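Here is start_39.cif, consisting of mmCIF, C-alpha atoms:
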```cif
data_start
#
loop_
_atom_site.label_atom_id
_atom_site.label_comp_id
_atom_site.auth_asym_id
_atom_site.auth_seq_id
_atom_site.Cartn_x
_atom_site.Cartn_y
_atom_site.Cartn_z
CA MET A 1 30.51 95.34 1.06
CA LEU A 2 29.96 94.04 -2.42
CA THR A 3 27.50 91.32 -3.17
CA ASN A 4 28.43 89.89 -6.49
CA GLY A 5 25.85 87.46 -7.80
CA HIS A 6 26.43 85.09 -10.64
CA CYS A 7 22.84 84.34 -11.45
CA LYS A 8 21.23 82.47 -14.29
CA LEU A 9 17.65 81.79 -13.28
CA HIS A 10 18.08 83.01 -9.80
CA LEU A 11 14.65 82.16 -8.52
CA ILE A 12 13.79 83.86 -5.29
CA PHE A 13 17.27 84.96 -4.26
CA ARG A 14 17.38 87.81 -6.77
CA LYS A 15 14.12 89.45 -5.78
CA VAL A 16 14.73 89.22 -2.05
CA LEU A 17 18.25 90.62 -2.38
CA CYS A 18 16.79 93.54 -4.35
CA ARG A 19 14.44 94.21 -1.45
CA TYR A 20 17.40 94.34 0.94
CA HIS A 21 19.59 96.39 -1.42
CA HIS A 22 19.04 99.69 0.37
CA ILE A 23 18.23 98.31 3.80
CA TRP A 24 21.64 96.65 4.07
CA ASN A 25 23.27 99.29 1.87
CA ILE A 26 25.05 96.71 -0.24
CA ASP A 27 26.62 97.12 -3.64
CA LEU A 28 24.54 94.59 -5.54
CA ARG A 29 25.86 93.45 -8.91
CA PHE A 30 24.17 90.97 -11.22
CA ARG A 31 26.58 88.97 -13.30
CA PRO A 32 25.38 86.53 -15.94
CA ALA A 33 26.90 83.07 -16.15
CA PHE A 34 26.18 80.13 -18.42
CA LEU A 35 24.79 77.38 -16.25
CA GLY A 36 25.31 74.67 -18.90
CA ALA A 37 29.08 75.23 -18.82
CA ILE A 38 29.18 75.16 -15.02
CA MET A 39 27.17 71.95 -14.83
CA GLN A 40 29.39 70.30 -17.42
CA ALA A 41 32.69 71.45 -15.89
CA THR A 42 31.77 70.36 -12.37
CA GLY A 43 29.88 67.17 -13.30
CA ASN A 44 26.69 68.47 -11.69
CA GLN A 45 23.23 67.38 -12.85
CA PRO A 46 19.88 69.18 -12.64
CA PRO A 47 18.11 68.31 -9.36
CA GLY A 48 14.94 67.51 -11.30
CA MET A 49 16.66 64.49 -12.90
CA LEU A 50 15.61 62.57 -9.81
CA PRO A 51 11.81 61.97 -10.12
CA LYS A 52 11.15 62.15 -6.36
CA ARG A 53 13.17 65.33 -6.02
CA ASN A 54 11.31 66.73 -9.01
CA ASP A 55 7.98 66.10 -7.25
CA TYR A 56 9.32 67.79 -4.12
CA MET A 57 10.65 70.80 -6.02
CA LEU A 58 7.27 71.43 -7.63
CA LYS A 59 5.68 71.81 -4.20
CA ASP A 60 8.64 73.59 -2.64
CA ILE A 61 8.92 76.23 -5.38
CA LYS A 62 5.20 76.92 -5.05
CA ARG A 63 5.22 77.49 -1.29
CA MET A 64 8.56 79.33 -1.34
CA GLY A 65 7.16 81.67 -4.01
CA LYS A 66 4.10 82.30 -1.87
CA TYR A 67 6.10 82.93 1.29
CA TYR A 68 8.62 85.20 -0.43
CA GLN A 69 5.88 86.90 -2.48
CA VAL A 70 7.61 86.20 -5.78
CA PRO A 71 5.39 85.38 -8.82
CA ILE A 72 7.11 82.10 -9.63
CA LYS A 73 5.07 79.31 -11.20
CA ALA A 74 6.19 75.70 -11.32
CA THR A 75 4.65 73.03 -13.52
CA PRO A 76 5.97 69.55 -14.31
CA GLU A 77 6.46 70.53 -17.96
CA HIS A 78 8.38 73.66 -17.01
CA LEU A 79 10.73 71.84 -14.64
CA GLN A 80 11.44 69.31 -17.39
CA ARG A 81 12.53 72.16 -19.64
CA LEU A 82 15.18 73.08 -17.07
CA LEU A 83 16.98 69.85 -17.90
CA VAL A 84 18.14 71.36 -21.19
CA PRO A 85 20.17 74.58 -21.08
CA LEU A 86 17.98 77.11 -22.83
CA SER A 87 19.30 80.35 -21.41
CA LEU A 88 22.42 80.99 -23.48
CA GLY A 89 20.68 83.62 -25.61
CA ALA A 90 19.43 85.49 -22.57
CA MET A 91 22.78 85.30 -20.80
CA ARG A 92 24.65 86.62 -23.83
CA PHE A 93 22.14 89.45 -24.20
CA ILE A 94 22.52 90.37 -20.52
CA THR A 95 26.29 90.30 -21.03
CA ALA A 96 25.97 92.74 -23.95
CA ILE A 97 23.73 94.95 -21.78
CA ASP A 98 26.29 94.84 -18.97
CA MET A 99 29.04 95.94 -21.38
CA THR A 100 27.18 98.79 -23.05
CA GLN A 101 23.92 99.69 -21.24
CA PRO A 102 24.48 98.77 -17.59
CA LEU A 103 21.58 100.95 -16.42
CA PHE A 104 19.20 98.47 -18.05
CA LEU A 105 20.83 95.41 -16.51
CA GLU A 106 18.44 94.94 -13.59
CA ALA A 107 15.28 95.58 -15.64
CA VAL A 108 16.32 93.22 -18.46
CA SER A 109 17.39 90.55 -15.97
CA ARG A 110 14.02 90.86 -14.26
CA GLY A 111 12.27 90.72 -17.64
CA PHE A 112 13.92 87.40 -18.47
CA TRP A 113 13.09 86.07 -15.01
CA ILE A 114 9.38 86.91 -15.35
CA ARG A 115 9.22 85.54 -18.88
CA PHE A 116 10.86 82.25 -17.92
CA TRP A 117 9.66 81.59 -14.36
CA SER A 118 6.27 83.24 -14.34
CA GLN A 119 5.09 83.03 -17.95
CA HIS A 120 7.03 79.87 -18.89
CA GLU A 121 8.13 81.25 -22.24
CA ASP A 122 11.36 80.90 -24.17
CA ILE A 123 14.28 83.25 -23.40
CA ASN A 124 16.74 81.91 -25.96
CA GLN A 125 15.42 82.97 -29.37
CA PRO A 126 15.92 86.47 -30.88
CA ALA A 127 12.17 87.23 -30.94
CA SER A 128 11.89 86.36 -27.25
CA ILE A 129 14.88 88.52 -26.37
CA LEU A 130 13.53 91.49 -28.31
CA SER A 131 10.18 91.11 -26.59
CA VAL A 132 11.82 91.35 -23.17
CA ALA A 133 13.98 94.28 -24.27
CA ALA A 134 10.95 96.22 -25.57
CA ARG A 135 9.30 96.13 -22.15
CA THR A 136 12.26 97.63 -20.35
CA GLY A 137 12.40 100.94 -22.18
CA LEU A 138 15.21 100.05 -24.59
CA SER A 139 14.50 101.45 -28.07
CA SER A 140 14.15 98.93 -30.87
CA GLU A 141 17.38 100.29 -32.40
CA GLN A 142 19.26 99.73 -29.14
CA ALA A 143 17.79 96.26 -28.76
CA GLN A 144 18.64 95.29 -32.32
CA LYS A 145 22.21 96.52 -31.88
CA LEU A 146 22.59 94.55 -28.65
CA LEU A 147 21.17 91.48 -30.34
CA GLU A 148 23.80 91.77 -33.07
CA MET A 149 26.51 91.96 -30.39
CA VAL A 150 25.35 88.65 -28.93
CA SER A 151 27.28 86.55 -31.43
CA SER A 152 30.45 88.67 -31.25
CA PRO A 153 33.63 87.21 -29.77
CA ALA A 154 33.72 90.09 -27.25
CA VAL A 155 30.38 89.10 -25.71
CA LYS A 156 31.07 85.37 -25.87
CA ASN A 157 34.45 85.84 -24.21
CA ARG A 158 33.04 88.10 -21.54
CA LEU A 159 30.32 85.58 -20.63
CA ARG A 160 32.93 82.82 -20.60
CA ALA A 161 35.05 84.94 -18.25
CA THR A 162 32.20 85.64 -15.78
CA THR A 163 31.27 81.95 -15.89
CA ASP A 164 34.89 81.03 -15.15
CA ASP A 165 34.91 83.59 -12.32
CA ALA A 166 31.84 81.94 -10.81
CA MET A 167 33.60 78.57 -10.86
CA LYS A 168 36.75 80.08 -9.33
CA TYR A 169 34.58 81.16 -6.42
CA GLY A 170 33.43 77.54 -6.15
CA ALA A 171 30.08 77.63 -7.94
CA PHE A 172 28.79 74.25 -9.15
CA GLY A 173 25.21 75.33 -9.95
CA MET A 174 22.82 78.27 -9.73
CA PRO A 175 21.72 80.42 -8.02
CA ALA A 176 25.13 81.35 -6.65
CA ILE A 177 25.93 84.51 -4.70
CA VAL A 178 29.40 85.68 -3.77
CA ALA A 179 29.52 88.11 -0.86
CA HIS A 180 32.72 90.13 -0.64
CA PHE A 181 33.12 91.22 2.94
CA ASN A 182 36.17 92.17 5.00
CA GLU A 183 38.46 91.12 2.21
CA GLU A 184 36.99 87.63 2.18
CA GLN A 185 34.73 85.95 -0.34
CA HIS A 186 31.75 83.88 0.76
CA LEU A 187 29.89 81.70 -1.72
CA PHE A 188 26.22 80.93 -1.12
CA PHE A 189 24.37 78.36 -3.18
CA GLY A 190 20.59 78.15 -3.38
CA CYS A 191 17.80 80.56 -2.55
CA ASP A 192 17.70 79.62 1.14
CA ARG A 193 20.87 81.17 2.51
CA ILE A 194 19.90 84.86 2.70
CA GLU A 195 19.46 84.84 6.47
CA LEU A 196 22.90 83.22 6.78
CA LEU A 197 24.35 85.75 4.33
CA ALA A 198 22.95 88.54 6.53
CA SER A 199 24.70 87.11 9.59
CA ILE A 200 28.02 86.87 7.71
CA ILE A 201 27.91 90.54 6.67
CA GLY A 202 26.64 91.66 10.08
CA GLU A 203 23.16 92.65 8.93
CA LYS A 204 19.74 91.72 10.26
CA TRP A 205 17.30 89.36 8.52
CA LEU A 206 13.88 91.00 8.55
CA GLY A 207 11.92 88.28 6.75
CA PRO A 208 11.06 87.80 3.09
CA VAL A 209 9.40 91.19 2.57
CA PRO A 210 11.22 93.79 4.70
CA SER A 211 10.05 97.37 4.86
CA LEU A 212 12.42 100.30 4.53
CA PRO A 213 12.91 102.10 7.86
CA ASN A 214 11.05 105.20 6.66
CA SER A 215 10.27 106.34 10.16
CA LYS A 216 13.92 107.29 10.62
CA MET A 217 14.05 109.35 7.44
CA MET B 1 -0.18 69.94 14.95
CA LEU B 2 2.15 67.05 14.67
CA THR B 3 5.62 67.39 13.30
CA ASN B 4 6.79 63.99 12.34
CA GLY B 5 10.45 63.88 11.45
CA HIS B 6 12.13 61.00 9.69
CA CYS B 7 15.68 61.86 10.59
CA LYS B 8 18.90 59.99 10.12
CA LEU B 9 21.70 62.45 10.74
CA HIS B 10 19.45 65.41 10.93
CA LEU B 11 22.11 68.06 11.16
CA ILE B 12 20.84 71.39 12.34
CA PHE B 13 17.14 70.83 11.79
CA ARG B 14 16.80 68.56 14.82
CA LYS B 15 18.33 70.93 17.33
CA VAL B 16 16.49 74.01 16.11
CA LEU B 17 13.15 72.18 16.07
CA CYS B 18 13.82 71.12 19.67
CA ARG B 19 14.32 74.78 20.58
CA TYR B 20 10.94 75.62 19.06
CA HIS B 21 9.19 72.60 20.52
CA HIS B 22 7.48 74.50 23.35
CA ILE B 23 7.43 77.92 21.69
CA TRP B 24 5.27 76.63 18.84
CA ASN B 25 3.67 74.01 21.03
CA ILE B 26 4.15 71.26 18.49
CA ASP B 27 4.01 67.52 18.97
CA LEU B 28 7.53 66.67 17.90
CA ARG B 29 8.27 63.03 17.08
CA PHE B 30 11.60 61.64 15.98
CA ARG B 31 11.33 58.67 13.69
CA PRO B 32 14.38 56.78 12.51
CA ALA B 33 14.76 55.86 8.86
CA PHE B 34 17.49 54.06 6.97
CA LEU B 35 18.99 56.56 4.56
CA GLY B 36 20.78 53.88 2.51
CA ALA B 37 17.46 52.31 1.54
CA ILE B 38 15.93 55.68 0.64
CA MET B 39 18.89 56.67 -1.51
CA GLN B 40 18.81 53.33 -3.31
CA ALA B 41 15.04 53.29 -3.85
CA THR B 42 14.91 56.84 -5.22
CA GLY B 43 18.20 56.76 -7.17
CA ASN B 44 19.60 59.65 -5.12
CA GLN B 45 23.33 60.09 -4.51
CA PRO B 46 25.17 61.79 -1.65
CA PRO B 47 25.73 65.48 -2.44
CA GLY B 48 29.42 65.12 -1.53
CA MET B 49 29.95 62.86 -4.57
CA LEU B 50 30.46 66.06 -6.54
CA PRO B 51 33.91 67.44 -5.55
CA LYS B 52 32.92 71.11 -5.92
CA ARG B 53 29.77 70.60 -3.89
CA ASN B 54 31.80 68.74 -1.30
CA ASP B 55 34.11 71.77 -0.95
CA TYR B 56 31.09 74.04 -0.60
CA MET B 57 29.41 71.81 1.97
CA LEU B 58 32.50 71.87 4.18
CA LYS B 59 32.32 75.64 4.42
CA ASP B 60 28.53 75.79 4.55
CA ILE B 61 28.19 73.27 7.39
CA LYS B 62 30.80 75.19 9.37
CA ARG B 63 29.08 78.56 9.08
CA MET B 64 25.58 77.11 9.46
CA GLY B 65 26.72 75.38 12.67
CA LYS B 66 28.10 78.66 13.96
CA TYR B 67 24.99 80.65 13.10
CA TYR B 68 22.61 78.04 14.52
CA GLN B 69 24.87 77.44 17.53
CA VAL B 70 25.05 73.70 16.93
CA PRO B 71 28.37 71.92 17.67
CA ILE B 72 28.73 70.36 14.23
CA LYS B 73 32.21 69.79 12.85
CA ALA B 74 32.92 69.10 9.20
CA THR B 75 36.20 67.74 7.86
CA PRO B 76 36.94 66.37 4.37
CA GLU B 77 37.53 62.90 5.84
CA HIS B 78 34.23 62.98 7.73
CA LEU B 79 32.22 64.05 4.69
CA GLN B 80 33.81 61.21 2.73
CA ARG B 81 32.54 58.76 5.33
CA LEU B 82 29.00 59.92 4.62
CA LEU B 83 29.27 58.32 1.18
CA VAL B 84 28.93 54.91 2.78
CA PRO B 85 25.84 54.16 4.85
CA LEU B 86 27.18 53.60 8.37
CA SER B 87 24.15 54.38 10.45
CA LEU B 88 22.12 51.18 10.27
CA GLY B 89 23.19 50.06 13.77
CA ALA B 90 22.22 53.41 15.29
CA MET B 91 18.90 53.52 13.44
CA ARG B 92 17.97 50.00 14.54
CA PHE B 93 18.90 50.83 18.13
CA ILE B 94 16.79 53.98 18.02
CA THR B 95 13.96 51.88 16.63
CA ALA B 96 14.27 49.45 19.56
CA ILE B 97 14.27 52.42 21.95
CA ASP B 98 11.17 53.83 20.26
CA MET B 99 9.38 50.48 20.70
CA THR B 100 10.28 49.86 24.34
CA GLN B 101 11.83 52.93 26.02
CA PRO B 102 10.38 55.95 24.22
CA LEU B 103 11.30 58.31 27.05
CA PHE B 104 14.96 57.84 26.09
CA LEU B 105 14.39 58.45 22.38
CA GLU B 106 15.41 62.11 22.25
CA ALA B 107 18.49 61.65 24.47
CA VAL B 108 19.76 58.64 22.54
CA SER B 109 19.09 60.33 19.22
CA ARG B 110 21.04 63.37 20.43
CA GLY B 111 23.84 61.08 21.69
CA PHE B 112 24.28 59.54 18.24
CA TRP B 113 24.20 62.99 16.67
CA ILE B 114 26.97 64.33 18.90
CA ARG B 115 29.06 61.19 18.48
CA PHE B 116 28.79 61.27 14.70
CA TRP B 117 28.71 64.96 13.80
CA SER B 118 30.73 66.51 16.60
CA GLN B 119 33.16 63.77 17.63
CA HIS B 120 33.34 62.01 14.22
CA GLU B 121 33.14 58.56 15.75
CA ASP B 122 31.41 55.38 14.61
CA ILE B 123 27.70 54.86 15.42
CA ASN B 124 27.28 51.46 13.82
CA GLN B 125 29.20 48.98 16.00
CA PRO B 126 27.85 47.49 19.26
CA ALA B 127 30.58 49.10 21.41
CA SER B 128 29.77 52.53 19.95
CA ILE B 129 26.06 52.05 20.53
CA LEU B 130 26.59 50.95 24.15
CA SER B 131 28.83 53.97 24.75
CA VAL B 132 26.06 56.33 23.60
CA ALA B 133 23.44 54.45 25.63
CA ALA B 134 25.55 54.65 28.80
CA ARG B 135 25.60 58.44 28.67
CA THR B 136 21.84 58.81 28.47
CA GLY B 137 21.00 57.16 31.79
CA LEU B 138 20.03 53.75 30.40
CA SER B 139 21.32 50.96 32.66
CA SER B 140 23.81 48.54 31.12
CA GLU B 141 21.17 45.78 31.42
CA GLN B 142 18.64 47.86 29.52
CA ALA B 143 21.21 48.81 26.89
CA GLN B 144 22.32 45.20 26.44
CA LYS B 145 18.72 44.05 26.08
CA LEU B 146 18.02 46.75 23.47
CA LEU B 147 21.17 45.76 21.62
CA GLU B 148 19.95 42.17 21.44
CA MET B 149 16.64 43.41 20.01
CA VAL B 150 18.47 45.17 17.18
CA SER B 151 18.80 42.02 15.07
CA SER B 152 15.23 40.84 15.72
CA PRO B 153 12.71 40.73 12.86
CA ALA B 154 10.41 43.03 14.88
CA VAL B 155 12.97 45.86 14.95
CA LYS B 156 14.10 45.32 11.37
CA ASN B 157 10.51 45.33 10.13
CA ARG B 158 9.63 48.42 12.15
CA LEU B 159 12.60 50.37 10.76
CA ARG B 160 11.68 49.19 7.27
CA ALA B 161 8.12 50.43 7.85
CA THR B 162 9.18 53.90 9.07
CA THR B 163 11.59 54.13 6.13
CA ASP B 164 8.76 53.19 3.74
CA ASP B 165 6.55 55.77 5.45
CA ALA B 166 9.18 58.45 4.84
CA MET B 167 9.24 57.56 1.13
CA LYS B 168 5.44 57.57 0.96
CA TYR B 169 5.59 61.17 2.16
CA GLY B 170 8.00 61.85 -0.73
CA ALA B 171 11.39 61.71 1.02
CA PHE B 172 14.38 61.13 -1.27
CA GLY B 173 17.11 61.98 1.27
CA MET B 174 17.68 63.30 4.77
CA PRO B 175 16.98 65.35 6.78
CA ALA B 176 13.28 65.12 6.02
CA ILE B 177 10.50 66.59 8.12
CA VAL B 178 6.80 65.92 7.64
CA ALA B 179 4.50 68.53 9.16
CA HIS B 180 0.94 67.37 9.72
CA PHE B 181 -1.23 70.45 9.79
CA ASN B 182 -4.92 71.00 9.04
CA GLU B 183 -5.22 67.42 7.81
CA GLU B 184 -2.50 68.02 5.23
CA GLN B 185 1.03 66.68 5.13
CA HIS B 186 3.93 68.93 4.18
CA LEU B 187 7.35 67.47 3.46
CA PHE B 188 10.43 69.60 4.05
CA PHE B 189 13.86 68.50 2.87
CA GLY B 190 17.10 69.97 4.20
CA CYS B 191 17.98 72.01 7.26
CA ASP B 192 17.07 75.35 5.70
CA ARG B 193 13.28 75.24 5.56
CA ILE B 194 12.37 75.89 9.20
CA GLU B 195 11.28 79.48 8.57
CA LEU B 196 9.08 78.22 5.74
CA LEU B 197 7.74 75.43 7.95
CA ALA B 198 6.81 78.09 10.53
CA SER B 199 4.84 80.04 7.94
CA ILE B 200 2.96 76.90 6.84
CA ILE B 201 1.85 76.09 10.41
CA GLY B 202 1.06 79.73 11.17
CA GLU B 203 3.91 80.25 13.65
CA LYS B 204 6.60 82.92 13.85
CA TRP B 205 10.27 82.36 13.04
CA LEU B 206 12.34 83.94 15.80
CA GLY B 207 15.80 83.10 14.49
CA PRO B 208 18.12 80.19 15.17
CA VAL B 209 18.18 80.55 18.95
CA PRO B 210 14.76 81.73 20.14
CA SER B 211 14.07 82.46 23.79
CA LEU B 212 10.94 81.25 25.55
CA PRO B 213 8.54 84.12 26.25
CA ASN B 214 9.14 83.97 30.04
CA SER B 215 7.92 87.50 30.57
CA LYS B 216 4.39 86.33 29.88
CA MET B 217 4.52 83.43 32.32
#
```
I need this file expressed as structure tokens, please.
Amino acid sequence: MLTNGHCKLHLIFRKVLCRYHHIWNIDLRFRPAFLGAIMQATGNQPPGMLPKRNDYMLKDIKRMGKYYQVPIKATPEHLQRLLVPLSLGAMRFITAIDMTQPLFLEAVSRGFWIRFWSQHEDINQPASILSVAARTGLSSEQAQKLLEMVSSPAVKNRLRATTDDAMKYGAFGMPAIVAHFNEEQHLFFGCDRIELLASIIGEKWLGPVPSLPNSKM
Amino acid sequence: MLTNGHCKLHLIFRKVLCRYHHIWNIDLRFRPAFLGAIMQATGNQPPGMLPKRNDYMLKDIKRMGKYYQVPIKATPEHLQRLLVPLSLGAMRFITAIDMTQPLFLEAVSRGFWIRFWSQHEDINQPASILSVAARTGLSSEQAQKLLEMVSSPAVKNRLRATTDDAMKYGAFGMPAIVAHFNEEQHLFFGCDRIELLASIIGEKWLGPVPSLPNSKM
């Protein structure tokens, strides 16, 4: 089974899937995609455009974060920032990582998540990107080299290709997860389909914070 | 604890909450609301307006129905019909039931659900409404009398009031559930927040089809 996630700012989905990585024994791959392009191509609009939905999301993100034990923080100002695509820099950097330093992919992806969703800081500018890279164990030479790659056609084309892939699977927004199981592909949208995903791949949902079955080891 | 649901076509939420009714020992109340008015007042649009989301919803409803063991059927034609508000007749009839025959409320509500979501038939016209009523044990005299009430100012005003109530709680679409717990109100939108609702009211989520703890009786 291969779970192939096209995630921009994948909220709670990412963390919970990481917790289940070894319990379900899935091949978990993070693939960056540019949300702005997906929204434009499919005609989708940010949910926070609707004031009442924006109010709801503020409360919902807070209680979902608490229940799933994920350090997400939602403020009105932060949700407003989501209306403008500000993640292209981060997504291109993750793409460069994926192409040349895949071992750092999960740590860098997590670094951007924390910086954006927990600390509410920029993830688009070079200084922001280097700050995330420095905390993941990448040397400053490696980080600088990756940053230079970001504007190369190779990286831009690769990100365009993974974004196109996401849309071929039917994505119209993020977070989007594609589960490859029994030669079929199943798209899941939103952070609230993990229990359903488990049932599709024949695994058991053990709640938001499962424990590894150590007793059997 | 009072769970106070403003439900139009409440999909899977309704059925699963009914299963938990006596397990969680909640006071479960169904309250009709007119979705068309809510969508207009809040500026919301049906999710199926977006073609890609429409494609996704078709698949998602199918697999959610299977997992939750709810006889929901989704076809492209049926989802298209959701773009036009066609439930006003049903909602007014449910309102009249709520005012005069509350014991029939759950059965009639379920009847409309099955007719609309499983059989894909109209729930707006008098003949459709009488057909649902006949299957719930209401006499034809009772049903006829309720049908006459539907166009009365009392029923129209009551439905308007419950719809306004739903919006005061923050609803911008359906299904919407309001949990009253510890003197606080918690709004839940969508059919995928029942596990979260359980955590808020201090109850345990036992999956889509829980069994009553008979062994302890």
Any chance you could work out the residue set of the PyMOL selection byres ((chain A) within 7 of (chain B)) here, as a count of residues only?
10
Just the residues within 10 Å of Trp24 (chain A), please, counting all atoms listed in the file, with nothing from its chain fewer than 5 positions along; format it as a list of chain:residue names.
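Contacts, in chain order: A:Met1, A:Leu17, A:Arg19, A:Ala198, A:Ile201, A:Gly202, A:Glu203, A:Lys204, A:Trp205, A:Leu212.
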Kindly provide the residues of region 72-162 of chain B that approach region 26-33 of chain B to within 12 Å, each paired with its closest atom pair and their distance in Å to one decimal, based on only C-alpha atoms, listed by chain and increasing number, as CSV.
```
residue,atom,partner,partner_atom,distance
B:Pro85,CA,B:Ala33,CA,11.9
B:Ser87,CA,B:Ala33,CA,9.6
B:Leu88,CA,B:Ala33,CA,8.8
B:Gly89,CA,B:Pro32,CA,11.2
B:Ala90,CA,B:Pro32,CA,9.0
B:Met91,CA,B:Pro32,CA,5.7
B:Arg92,CA,B:Pro32,CA,7.9
B:Phe93,CA,B:Pro32,CA,9.3
B:Ile94,CA,B:Pro32,CA,6.6
B:Thr95,CA,B:Pro32,CA,6.4
B:Ala96,CA,B:Pro32,CA,10.2
B:Ile97,CA,B:Pro32,CA,10.4
B:Asp98,CA,B:Arg31,CA,8.2
B:Met99,CA,B:Arg31,CA,11.0
B:Pro102,CA,B:Phe30,CA,10.1
B:Leu103,CA,B:Arg29,CA,11.4
B:Phe104,CA,B:Phe30,CA,11.3
B:Leu105,CA,B:Phe30,CA,7.7
B:Glu106,CA,B:Phe30,CA,7.4
B:Ala107,CA,B:Phe30,CA,10.9
B:Val108,CA,B:Phe30,CA,10.9
B:Ser109,CA,B:Phe30,CA,8.3
B:Arg110,CA,B:Phe30,CA,10.6
B:Phe112,CA,B:Pro32,CA,11.8
B:Val155,CA,B:Pro32,CA,11.3
B:Lys156,CA,B:Ala33,CA,10.9
B:Asn157,CA,B:Ala33,CA,11.4
B:Arg158,CA,B:Ala33,CA,9.6
B:Leu159,CA,B:Ala33,CA,6.2
B:Arg160,CA,B:Ala33,CA,7.5
B:Ala161,CA,B:Ala33,CA,8.6
B:Thr162,CA,B:Ala33,CA,5.9
```
Using C-alpha atoms, can you export the residues from the last selection as a PDB file, keeping the file's coordinate frame?
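So the final result, stored in out_32.pdb, reads:
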```
ATOM      1  CA  PRO B  85      25.840  54.160   4.850  1.00  0.00           C
ATOM      2  CA  SER B  87      24.150  54.380  10.450  1.00  0.00           C
ATOM      3  CA  LEU B  88      22.120  51.180  10.270  1.00  0.00           C
ATOM      4  CA  GLY B  89      23.190  50.060  13.770  1.00  0.00           C
ATOM      5  CA  ALA B  90      22.220  53.410  15.290  1.00  0.00           C
ATOM      6  CA  MET B  91      18.900  53.520  13.440  1.00  0.00           C
ATOM      7  CA  ARG B  92      17.970  50.000  14.540  1.00  0.00           C
ATOM      8  CA  PHE B  93      18.900  50.830  18.130  1.00  0.00           C
ATOM      9  CA  ILE B  94      16.790  53.980  18.020  1.00  0.00           C
ATOM     10  CA  THR B  95      13.960  51.880  16.630  1.00  0.00           C
ATOM     11  CA  ALA B  96      14.270  49.450  19.560  1.00  0.00           C
ATOM     12  CA  ILE B  97      14.270  52.420  21.950  1.00  0.00           C
ATOM     13  CA  ASP B  98      11.170  53.830  20.260  1.00  0.00           C
ATOM     14  CA  MET B  99       9.380  50.480  20.700  1.00  0.00           C
ATOM     15  CA  PRO B 102      10.380  55.950  24.220  1.00  0.00           C
ATOM     16  CA  LEU B 103      11.300  58.310  27.050  1.00  0.00           C
ATOM     17  CA  PHE B 104      14.960  57.840  26.090  1.00  0.00           C
ATOM     18  CA  LEU B 105      14.390  58.450  22.380  1.00  0.00           C
ATOM     19  CA  GLU B 106      15.410  62.110  22.250  1.00  0.00           C
ATOM     20  CA  ALA B 107      18.490  61.650  24.470  1.00  0.00           C
ATOM     21  CA  VAL B 108      19.760  58.640  22.540  1.00  0.00           C
ATOM     22  CA  SER B 109      19.090  60.330  19.220  1.00  0.00           C
ATOM     23  CA  ARG B 110      21.040  63.370  20.430  1.00  0.00           C
ATOM     24  CA  PHE B 112      24.280  59.540  18.240  1.00  0.00           C
ATOM     25  CA  VAL B 155      12.970  45.860  14.950  1.00  0.00           C
ATOM     26  CA  LYS B 156      14.100  45.320  11.370  1.00  0.00           C
ATOM     27  CA  ASN B 157      10.510  45.330  10.130  1.00  0.00           C
ATOM     28  CA  ARG B 158       9.630  48.420  12.150  1.00  0.00           C
ATOM     29  CA  LEU B 159      12.600  50.370  10.760  1.00  0.00           C
ATOM     30  CA  ARG B 160      11.680  49.190   7.270  1.00  0.00           C
ATOM     31  CA  ALA B 161       8.120  50.430   7.850  1.00  0.00           C
ATOM     32  CA  THR B 162       9.180  53.900   9.070  1.00  0.00           C
TER      33      THR B 162
END
```
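In this structure, CA of Ala143 (chain B) sits 8.6 Å away from CA of Ile129 (chain B).
CA of Arg81 (chain A) is found 12.0 Å from CA of Asn54 (chain A).
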Quick one: pull the distance between CA of Asp164 (chain B) and CA of Ala179 (chain B), Å, one decimal.
16.8 Å
Just say which residues the PyMOL selection byres ((chain A and resi 69-76) around 8) picks in this file, as JSON, numbers by chain.
{"A": [11, 12, 15, 58, 61, 62, 65, 66, 67, 68, 77, 78, 79, 80, 114, 117, 118, 119, 120, 208, 209]}
Using all atoms listed in the file, can you tell me which of A:Val16, A:Ile123, A:Ile177, A:Leu86 comes closest to Phe34 (chain A)?
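Looking only at the distances to Phe34 (chain A), the closest residue turns out to be A:Leu86.
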